[in-house]
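*Asks:* Data file input.cif (mmCIF, C-alpha atoms) is appended below.
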data_target
#
loop_
_atom_site.label_atom_id
_atom_site.label_comp_id
_atom_site.auth_asym_id
_atom_site.auth_seq_id
_atom_site.Cartn_x
_atom_site.Cartn_y
_atom_site.Cartn_z
CA ARG A 21 -13.40 -63.49 0.41
CA LYS A 22 -15.23 -60.20 0.12
CA ARG A 23 -18.66 -60.35 -1.39
CA MET A 24 -19.45 -57.91 -4.16
CA ARG A 25 -22.01 -55.28 -3.17
CA ALA A 26 -25.20 -55.50 -5.23
CA GLY A 27 -25.30 -52.90 -8.00
CA ALA A 28 -21.55 -52.19 -7.81
CA PRO A 29 -19.65 -52.16 -11.09
CA PRO A 30 -17.58 -55.29 -11.75
CA PRO A 31 -13.84 -55.07 -11.13
CA GLY A 32 -11.91 -53.37 -13.88
CA SER A 33 -14.95 -51.67 -15.36
CA SER A 34 -15.23 -47.91 -15.84
CA ARG A 35 -17.49 -45.96 -13.53
CA GLY A 36 -18.81 -44.31 -16.68
CA ASN A 37 -20.41 -47.59 -17.71
CA LEU A 38 -24.21 -47.44 -17.46
CA GLY A 39 -24.72 -51.19 -17.48
CA ASN A 40 -25.87 -53.54 -20.24
CA GLY A 41 -22.70 -52.72 -22.14
CA VAL A 42 -23.69 -49.08 -22.72
CA HIS A 43 -20.91 -46.65 -21.95
CA ILE A 44 -21.87 -43.14 -20.88
CA SER A 45 -20.02 -41.68 -23.84
CA GLU A 46 -22.41 -43.61 -26.10
CA ALA A 47 -25.47 -42.31 -24.31
CA LEU A 48 -24.62 -38.63 -24.53
CA PRO A 49 -24.01 -37.59 -28.14
CA VAL A 50 -27.63 -36.70 -28.90
CA ILE A 51 -30.80 -35.63 -27.17
CA THR A 52 -33.15 -38.59 -26.77
CA SER A 53 -36.86 -38.51 -26.11
CA ALA A 54 -36.38 -40.98 -23.27
CA SER A 55 -34.35 -38.33 -21.39
CA PHE A 56 -32.04 -39.03 -18.49
CA SER A 57 -34.83 -39.73 -16.05
CA SER A 58 -35.64 -43.09 -17.60
CA GLY A 59 -33.24 -45.52 -16.09
CA LEU A 60 -29.79 -43.93 -16.19
CA GLY A 61 -29.64 -43.82 -12.40
CA THR A 62 -29.28 -41.01 -9.93
CA GLY A 63 -25.70 -40.31 -10.96
CA ALA A 64 -26.75 -39.06 -14.41
CA VAL A 65 -27.89 -35.55 -13.59
CA MET A 66 -26.25 -33.58 -16.39
CA ALA A 67 -28.21 -32.80 -19.54
CA PRO A 68 -26.72 -34.45 -22.61
CA PRO A 69 -24.64 -32.24 -24.86
CA VAL A 70 -26.37 -31.33 -28.10
CA ARG A 71 -25.03 -32.63 -31.39
CA TYR A 72 -25.39 -30.06 -34.13
CA CYS A 73 -25.74 -31.05 -37.76
CA ILE A 74 -25.25 -29.21 -41.01
CA PRO A 75 -27.13 -29.81 -44.28
CA GLY A 76 -25.74 -32.85 -46.09
CA GLU A 77 -24.06 -34.33 -43.01
CA ARG A 78 -24.25 -38.14 -42.87
CA LEU A 79 -25.91 -39.20 -39.61
CA CYS A 80 -26.10 -43.02 -39.70
CA ASN A 81 -27.04 -45.91 -41.94
CA LEU A 82 -30.57 -47.21 -42.38
CA GLU A 83 -29.82 -50.28 -40.24
CA GLU A 84 -29.27 -48.00 -37.22
CA GLY A 85 -32.36 -45.81 -37.55
CA SER A 86 -35.26 -44.65 -39.69
CA PRO A 87 -35.43 -41.15 -41.22
CA GLY A 88 -37.56 -38.50 -39.55
CA SER A 89 -38.20 -34.82 -40.15
CA GLY A 90 -35.26 -32.75 -41.31
CA THR A 91 -33.51 -35.71 -42.94
CA TYR A 92 -33.31 -37.56 -46.24
CA THR A 93 -31.88 -40.91 -47.35
CA ARG A 94 -29.35 -41.73 -50.03
CA HIS A 95 -27.35 -44.88 -50.78
CA GLY A 96 -28.49 -46.57 -47.55
CA TYR A 97 -27.61 -43.66 -45.24
CA ILE A 98 -29.57 -40.94 -43.46
CA PHE A 99 -28.41 -37.37 -44.06
CA SER A 100 -29.39 -34.06 -42.47
CA SER A 101 -31.35 -31.73 -44.74
CA LEU A 102 -30.99 -28.68 -42.50
CA ALA A 103 -28.82 -27.14 -39.81
CA GLY A 104 -29.99 -28.00 -36.32
CA CYS A 105 -29.95 -30.47 -33.42
CA LEU A 106 -29.91 -34.24 -33.89
CA ILE A 107 -32.75 -36.04 -32.10
CA LYS A 108 -33.20 -39.80 -31.66
CA SER A 109 -36.51 -41.19 -30.48
CA SER A 110 -37.54 -44.82 -30.25
CA GLU A 111 -40.59 -46.70 -29.01
CA ASN A 112 -41.18 -50.33 -28.12
CA GLY A 113 -37.70 -51.40 -29.09
CA ALA A 114 -38.12 -50.31 -32.71
CA LEU A 115 -35.39 -48.62 -34.69
CA PRO A 116 -34.87 -45.06 -33.44
CA VAL A 117 -36.28 -42.28 -35.57
CA ILE A 118 -33.50 -39.89 -36.58
CA SER A 119 -34.64 -36.27 -36.88
CA VAL A 120 -33.02 -32.87 -37.11
CA MET A 121 -34.74 -29.85 -35.61
CA ARG A 122 -33.73 -26.24 -35.89
CA GLU A 123 -32.52 -24.87 -32.58
CA THR A 124 -35.02 -22.04 -32.81
CA GLU A 125 -37.66 -22.23 -35.48
CA SER A 126 -37.77 -18.74 -36.95
CA GLN A 127 -41.23 -17.22 -36.80
CA LEU A 128 -42.23 -15.03 -39.72
CA LEU A 129 -43.93 -11.88 -38.44
CA PRO A 130 -46.23 -9.52 -40.36
CA ASP A 131 -44.50 -6.20 -40.95
CA VAL A 132 -45.82 -2.80 -41.91
CA GLY A 133 -46.58 -2.78 -45.63
CA ALA A 134 -46.89 -6.57 -45.89
CA ILE A 135 -49.82 -8.10 -47.78
CA VAL A 136 -51.52 -10.66 -45.53
CA THR A 137 -54.29 -13.20 -45.92
CA CYS A 138 -56.66 -13.29 -42.98
CA LYS A 139 -59.96 -14.77 -41.88
CA VAL A 140 -62.71 -12.62 -40.40
CA SER A 141 -63.61 -13.80 -36.92
CA SER A 142 -66.17 -11.16 -35.86
CA ILE A 143 -67.58 -7.80 -36.90
CA ASN A 144 -69.31 -4.87 -35.27
CA SER A 145 -70.31 -1.38 -36.40
CA ARG A 146 -66.78 0.02 -36.01
CA PHE A 147 -64.39 -2.69 -37.19
CA ALA A 148 -63.82 -6.29 -38.25
CA LYS A 149 -61.65 -8.62 -36.18
CA VAL A 150 -59.48 -11.04 -38.16
CA HIS A 151 -56.89 -13.76 -37.72
CA ILE A 152 -53.82 -13.34 -39.94
CA LEU A 153 -52.97 -16.69 -41.56
CA TYR A 154 -50.45 -15.88 -44.32
CA VAL A 155 -47.81 -13.25 -44.96
CA GLY A 156 -47.61 -13.05 -48.74
CA SER A 157 -47.84 -16.72 -49.73
CA THR A 158 -46.09 -18.02 -46.60
CA PRO A 159 -48.33 -19.67 -43.98
CA LEU A 160 -47.82 -18.67 -40.36
CA LYS A 161 -47.31 -21.33 -37.70
CA ASN A 162 -49.34 -19.20 -35.30
CA SER A 163 -52.08 -16.84 -36.38
CA PHE A 164 -52.02 -13.21 -35.29
CA ARG A 165 -54.98 -11.02 -34.49
CA GLY A 166 -55.72 -7.96 -36.56
CA THR A 167 -58.33 -5.23 -36.92
CA ILE A 168 -59.79 -3.57 -40.00
CA ARG A 169 -61.41 -0.31 -38.91
CA LYS A 170 -64.31 1.08 -40.92
CA GLU A 171 -62.21 4.09 -42.03
CA ASP A 172 -59.62 1.69 -43.50
CA VAL A 173 -62.05 -0.38 -45.58
CA ARG A 174 -62.30 1.74 -48.75
CA ALA A 175 -60.07 4.44 -50.18
CA THR A 176 -62.87 6.23 -52.08
CA GLU A 177 -65.39 6.39 -49.25
CA LYS A 178 -63.37 7.51 -46.24
CA ASP A 179 -65.67 10.46 -45.65
CA LYS A 180 -68.81 8.36 -46.06
CA VAL A 181 -70.24 6.04 -43.45
CA VAL A 182 -68.85 2.60 -44.26
CA GLU A 183 -71.03 -0.20 -42.95
CA ILE A 184 -68.83 -3.08 -41.87
CA TYR A 185 -71.51 -5.70 -42.42
CA LYS A 186 -71.69 -4.63 -46.09
CA SER A 187 -67.95 -5.21 -46.44
CA PHE A 188 -67.12 -8.35 -44.44
CA ARG A 189 -68.83 -11.26 -42.74
CA PRO A 190 -67.39 -13.78 -40.27
CA GLY A 191 -65.62 -16.58 -42.15
CA ASP A 192 -64.60 -14.41 -45.12
CA ILE A 193 -61.04 -14.75 -46.41
CA VAL A 194 -59.58 -11.29 -46.91
CA LEU A 195 -56.43 -9.85 -48.48
CA ALA A 196 -55.24 -6.84 -46.49
CA LYS A 197 -52.16 -4.71 -45.92
CA VAL A 198 -50.54 -4.08 -42.55
CA ILE A 199 -50.57 -0.34 -41.85
CA SER A 200 -49.30 -0.30 -38.25
CA LEU A 201 -48.70 -2.31 -35.14
CA GLY A 202 -51.69 -2.15 -32.88
CA ASP A 203 -52.10 -2.73 -29.17
CA ALA A 204 -52.40 -5.88 -27.06
CA GLN A 205 -56.04 -6.35 -28.10
CA SER A 206 -55.68 -5.97 -31.88
CA ASN A 207 -51.97 -6.73 -32.53
CA TYR A 208 -52.07 -5.38 -36.10
CA LEU A 209 -54.06 -2.67 -37.83
CA LEU A 210 -54.94 -3.57 -41.42
CA THR A 211 -56.38 -1.83 -44.44
CA THR A 212 -58.28 -2.99 -47.52
CA ALA A 213 -58.35 0.51 -49.08
CA GLU A 214 -56.89 -0.61 -52.42
CA ASN A 215 -58.55 -2.23 -55.41
CA GLU A 216 -56.43 -5.36 -55.00
CA LEU A 217 -57.42 -5.78 -51.35
CA GLY A 218 -60.63 -7.06 -49.80
CA VAL A 219 -62.67 -10.25 -49.75
CA VAL A 220 -61.33 -13.05 -51.96
CA VAL A 221 -63.38 -16.00 -50.66
CA ALA A 222 -66.85 -15.80 -49.12
CA HIS A 223 -69.67 -18.26 -48.63
CA SER A 224 -73.36 -17.56 -48.85
CA GLU A 225 -75.85 -18.42 -46.13
CA SER A 226 -76.43 -21.73 -47.92
CA GLY A 227 -72.73 -22.57 -47.55
CA VAL A 228 -71.81 -22.17 -51.24
CA GLN A 229 -68.74 -20.19 -52.29
CA MET A 230 -69.92 -16.98 -53.90
CA VAL A 231 -68.77 -15.38 -57.14
CA PRO A 232 -67.85 -11.67 -57.32
CA ILE A 233 -70.09 -9.73 -59.71
CA SER A 234 -68.91 -6.19 -58.92
CA TRP A 235 -66.52 -4.32 -56.64
CA CYS A 236 -69.16 -4.36 -53.88
CA GLU A 237 -71.26 -7.49 -54.44
CA MET A 238 -70.94 -11.28 -54.59
CA GLN A 239 -73.56 -13.77 -55.69
CA CYS A 240 -74.39 -17.31 -54.64
CA PRO A 241 -74.37 -19.53 -57.77
CA LYS A 242 -76.93 -21.86 -56.18
CA THR A 243 -79.60 -19.46 -54.90
CA HIS A 244 -78.51 -16.39 -56.95
CA THR A 245 -78.76 -14.35 -53.78
CA LYS A 246 -76.54 -11.26 -53.79
CA GLU A 247 -74.59 -10.10 -50.76
CA PHE A 248 -72.55 -6.97 -50.19
CA ARG A 249 -68.78 -7.28 -49.81
CA LYS A 250 -65.64 -5.19 -50.25
CA VAL A 251 -64.46 -7.33 -53.17
CA ALA A 252 -60.75 -7.64 -53.98
CA ARG A 253 -59.39 -7.61 -57.51
CA VAL A 254 -57.16 -10.59 -56.91
CA GLN A 255 -53.66 -10.53 -58.36
CA PRO A 256 -52.29 -13.78 -59.93
CA GLU A 257 -49.67 -14.34 -57.21
CA PHE A 258 -52.40 -14.66 -54.58
CA LEU A 259 -54.74 -16.97 -56.47
CA GLN A 260 -53.19 -20.16 -55.01
CA THR A 261 -53.74 -19.01 -51.41
#
Please, can you express the file's structure as structure tokens?
*Replies:*
Amino acid sequence: RKRMRAGAPPPGSSRGNLGNGVHISEALPVITSASFSSGLGTGAVMAPPVRYCIPGERLCNLEEGSPGSGTYTRHGYIFSSLAGCLIKSSENGALPVISVMRETESQLLPDVGAIVTCKVSSINSRFAKVHILYVGSTPLKNSFRGTIRKEDVRATEKDKVVEIYKSFRPGDIVLAKVISLGDAQSNYLLTTAENELGVVVAHSESGVQMVPISWCEMQCPKTHTKEFRKVARVQPEFLQT
């Protein structure tokens, strides 16, 4: 009688069986965080096909998994809340977390003419360097670098010498408008040469948020010290940001 070779599939079983009762067709419908390198053997070299979901598609019941990002629950089932790829991830034998991720998360980019909210990172005599954080009221996943040149600070004083340190300080939150794409060092060129643009949040040297008292000054409510700024006349739609 021939002895069965160790590790060989039992007679009558499919070669697609991965062992422990798991058929290969059951292991491939979704991307899993465990990946194929964790115990599926050397024969499993193909990447699993991606299962795409549409909003409102029923994925599984709550006994088979717990809801993750991009999903919602209703009547004991997990549904997809967006169009994207189904992902199952599990740890320590717990119920897998069912998530849906967009295939490519769209990145909002500042465009010419857009109003942006940025934070001043550094200043010198010629310009202020900023990090763009919002486009309109939409937060960016990744901040972009921008530059406000001294000639783009004020509309009424283009011919005068604008002193950057009297307009911005590092840490200030500024509303600005994109006027052009810059180079690799600055990324975006910005302007605050409108009444509605300029500093909206600034802190004094004592760390207290200052109050605007004119178009060019802010005052610390604690020490009553005044500091120069290019103050913005904030519009209602930007007050929440």
*Asks:* Go through A:Ile135, A:Ala213, A:Ile152, A:Ile184 one by one, measure the shortest atom-to-atom distance of each to Asp172 (chain A) using only C-alpha atoms, and give the residue with the smallest value.
*Replies:*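 With only C-alpha atoms as the atom set, the closest residue is A:Ala213.
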*Asks:* Calculate how many Å separate CA of Arg189 (chain A) from CA of Ser142 (chain A), rounding to one decimal.
*Replies:*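 CA of Ser142 (chain A) lies 7.4 Å from CA of Arg189 (chain A).
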*Asks:* Might you pull out every residue within 10 Å of Ser163 (chain A), with all atoms listed in the file counted and same-chain residues fewer than 5 positions away left off, and present them as a ChimeraX atom specification?
*Replies:* /A:129,138-139,150-154
*Asks:* Could you check which of A:Ser200, A:Ser187, A:Gln229, A:Asn112 is closest to Phe147 (chain A), using only C-alpha atoms?
*Replies:*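 Residue with the minimum atom-to-atom distance to Phe147 (chain A): A:Ser187.
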*Asks:* Hey, what comes out of the PyMOL selection byres ((chain A and resi 84) around 10) on this file? Could you write it as a PyMOL selection string?
*Replies:* chain A and resi 79-83+85-86+97-98+115-118
*Asks:* How many Å separate CA of Arg169 (chain A) from CA of Leu217 (chain A)?
*Replies:*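 Rounded to one decimal, the two atoms are 14.2 Å apart.
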*Asks:* Out of A:Val173, A:Lys242, A:Ser109, A:Arg78, which residue has the shortest atom-to-atom distance to His95 (chain A) when counting only C-alpha atoms?
*Replies:*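 Of A:Val173, A:Lys242, A:Ser109, A:Arg78, the one nearest His95 (chain A) is A:Arg78, counting only C-alpha atoms.
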*Asks:* Please measure the separation of CA of Gln239 (chain A) and CA of Lys149 (chain A), giving the value in Å to one decimal.
*Replies:*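 These atoms are spaced 23.4 Å apart.
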*Asks:* Carefully work through the PyMOL selection byres ((chain A and resi 121) around 6) for this structure and note down the residues it includes, as a PyMOL selection string.
*Replies:* chain A and resi 104-105+120+122
*Asks:* Calculate, to one decimal in Å, the centre and edge lengths of the box along x, y and z of the file that holds all listed atoms of region 205-220 of chain A with 8 Å of margin on each side, and present them as AutoDock Vina command-line options.
*Replies:*
--center_x -57.3 --center_y -6.3 --center_z -41.8 --size_x 26.7 --size_y 29.6 --size_z 43.3
*Asks:* Considering only C-alpha atoms, can you say which of A:Gly166, A:Pro241, A:Pro232, A:Pro75 comes closest to Ala103 (chain A)?
*Replies:* A:Pro75
*Asks:* Give the answer as one residue: which of A:Leu106, A:Cys73, A:Ala252, A:Val182 has the shortest atom-to-atom distance to Thr137 (chain A), using only C-alpha atoms?
*Replies:*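 Residue with the minimum atom-to-atom distance to Thr137 (chain A): A:Ala252.
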*Asks:* Restricting the calculation to only C-alpha atoms: of A:Gly227, A:Gly156, A:Pro130, A:Gly191, which residue gets closest to Leu210 (chain A)?
*Replies:*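 Smallest separation from Leu210 (chain A) among the options: A:Pro130.
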*Asks:* Give as number ranges by chain the set of residues within 12 Å of the point (-67.9, -14.5, -44.9), where distances use the file's coordinates and only C-alpha atoms.
*Replies:* A: 138-143, 148, 150, 184-194, 218-230, 238, 247-251
*Asks:* Name the residues in contact with Ile74 (chain A) at a cut-off of 8 Å, using all atoms listed in the file, excluding same-chain residues fewer than 2 positions from it; report them as an NGL selection string.
*Replies:* :A and (72 or 76-77 or 100-104)
